[in-house]
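Trainee: For reference, this is structure-v2.pdb, and it has PDB, C-alpha atoms.
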```
ATOM      1  CA  MET A   6      -0.142   6.617   8.821
ATOM      2  CA  LYS A   7       2.262   7.984  11.392
ATOM      3  CA  GLU A   8       4.086  11.203  10.783
ATOM      4  CA  LEU A   9       7.715  10.880   9.771
ATOM      5  CA  GLN A  10       8.905  12.546  12.983
ATOM      6  CA  GLU A  11       6.988  10.023  15.102
ATOM      7  CA  LEU A  12       8.520   7.141  13.200
ATOM      8  CA  LEU A  13      12.008   8.560  13.552
ATOM      9  CA  GLU A  14      11.577   8.961  17.299
ATOM     10  CA  GLU A  15      10.757   5.257  17.595
ATOM     11  CA  LEU A  16      13.971   4.207  15.881
ATOM     12  CA  PRO A  17      17.198   3.599  17.815
ATOM     13  CA  PRO A  18      19.867   6.307  17.319
ATOM     14  CA  ASN A  19      21.964   4.254  14.887
ATOM     15  CA  LEU A  20      18.954   3.761  12.587
ATOM     16  CA  GLN A  21      18.004   7.426  12.908
ATOM     17  CA  GLN A  22      21.469   8.225  11.557
ATOM     18  CA  GLU A  23      20.890   5.809   8.663
ATOM     19  CA  VAL A  24      17.637   7.565   7.798
ATOM     20  CA  LEU A  25      19.418  10.922   7.902
ATOM     21  CA  ASP A  26      22.214   9.642   5.635
ATOM     22  CA  PHE A  27      19.701   8.246   3.170
ATOM     23  CA  ALA A  28      17.691  11.485   3.131
ATOM     24  CA  GLU A  29      20.888  13.460   2.417
ATOM     25  CA  PHE A  30      21.747  11.017  -0.389
ATOM     26  CA  LEU A  31      18.299  11.470  -1.946
ATOM     27  CA  LEU A  32      18.611  15.238  -1.708
ATOM     28  CA  GLU A  33      21.995  15.257  -3.480
ATOM     29  CA  LYS A  34      20.711  12.836  -6.111
ATOM     30  CA  SER A  35      17.739  15.071  -6.857
ATOM     31  CA  LYS A  36      20.009  18.105  -7.264
ATOM     32  CA  LYS A  37      22.120  16.337  -9.896
ATOM     33  CA  ARG A  38      19.175  15.376 -12.072
ATOM     34  CA  PRO A  39      18.865  17.703 -15.058
ATOM     35  CA  GLU A  40      15.535  19.438 -15.353
ATOM     36  CA  GLY A  41      13.626  19.900 -18.560
ATOM     37  CA  VAL A  42      14.653  19.334 -22.127
ATOM     38  CA  PRO A  43      18.294  19.970 -23.008
ATOM     39  CA  HIS A  44      18.989  23.015 -25.119
ATOM     40  CA  PHE A  45      21.573  23.068 -27.867
ATOM     41  CA  ARG A  46      22.339  26.785 -27.822
ATOM     42  CA  TRP A  47      25.937  25.979 -28.705
ATOM     43  CA  ALA A  48      24.947  24.417 -32.035
ATOM     44  CA  GLY A  49      26.600  26.283 -34.881
ATOM     45  CA  ALA A  50      28.828  28.304 -32.563
ATOM     46  CA  LEU A  51      31.973  27.175 -34.392
ATOM     47  CA  LYS A  52      30.657  27.391 -37.927
ATOM     48  CA  ASP A  53      33.291  29.971 -38.819
ATOM     49  CA  LEU A  54      35.919  27.242 -38.284
ATOM     50  CA  ARG A  55      34.293  24.643 -40.530
ATOM     51  CA  ASP A  56      36.565  25.491 -43.492
ATOM     52  CA  ARG A  57      39.624  25.365 -41.294
ATOM     53  CA  TYR A  58      39.196  21.986 -39.524
ATOM     54  CA  THR A  59      37.513  18.681 -40.285
ATOM     55  CA  SER A  60      35.291  17.012 -37.714
ATOM     56  CA  VAL A  61      37.921  14.280 -37.274
ATOM     57  CA  GLU A  62      40.616  16.883 -36.557
ATOM     58  CA  LEU A  63      38.386  18.471 -33.944
ATOM     59  CA  GLN A  64      37.715  15.063 -32.343
ATOM     60  CA  HIS A  65      41.447  14.443 -32.059
ATOM     61  CA  LYS A  66      42.043  17.906 -30.624
ATOM     62  CA  ALA A  67      39.270  17.410 -28.059
ATOM     63  CA  SER A  68      40.842  14.085 -27.089
ATOM     64  CA  ASP A  69      44.227  15.799 -26.642
ATOM     65  CA  TRP A  70      42.618  18.416 -24.406
ATOM     66  CA  ARG A  71      40.959  15.746 -22.227
ATOM     67  CA  VAL A  72      44.234  13.847 -21.820
ATOM     68  CA  GLY A  73      46.035  17.068 -20.962
ATOM     69  CA  GLU A  74      43.580  17.780 -18.120
ATOM     70  CA  LYS A  75      44.468  14.613 -16.201
TER      71      LYS A  75
END
```
Let me see the file written as structure tokens.
Mentor:
Amino acid sequence: MKELQELLEELPPNLQQEVLDFAEFLLEKSKKRPEGVPHFRWAGALKDLRDRYTSVELQHKASDWRVGEK
């Protein structure tokens, strides 16, 4: 099998640019992929508020915050 560099040199310049664009896309895609198992370190962080708010009230408040950010 030919080395990648040899193959690239055989391609016309416009296709070399396509290969470069695709390689950059793959690199960005790999950076966005989360690694490992997610951790839920935040779980229980608001337990002191459980007597003050219901889960439904918190859902509505979170929705208000999201709308306010737009």
Trainee: Out of A:Ala50, A:Val72, A:Val61, A:Leu25, which residue has the shortest atom-to-atom distance to A:Gln10 when counting only C-alpha atoms?
Mentor: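 Among the listed residues, A:Leu25 lies closest to A:Gln10.
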Trainee: Interatomic distance between atom CA of A:Glu11 and atom CA of A:Ala28?
Mentor: 16.1 Å
Trainee: Give me, please, the distance in Å between atom CA of A:Arg46 and atom CA of A:Thr59, quoted to one decimal.
Mentor: 21.2 Å
Trainee: Can you work out the spacing between atom CA of A:Glu14 and atom CA of A:Phe27 in Å, to one decimal?
Mentor: 16.3 Å
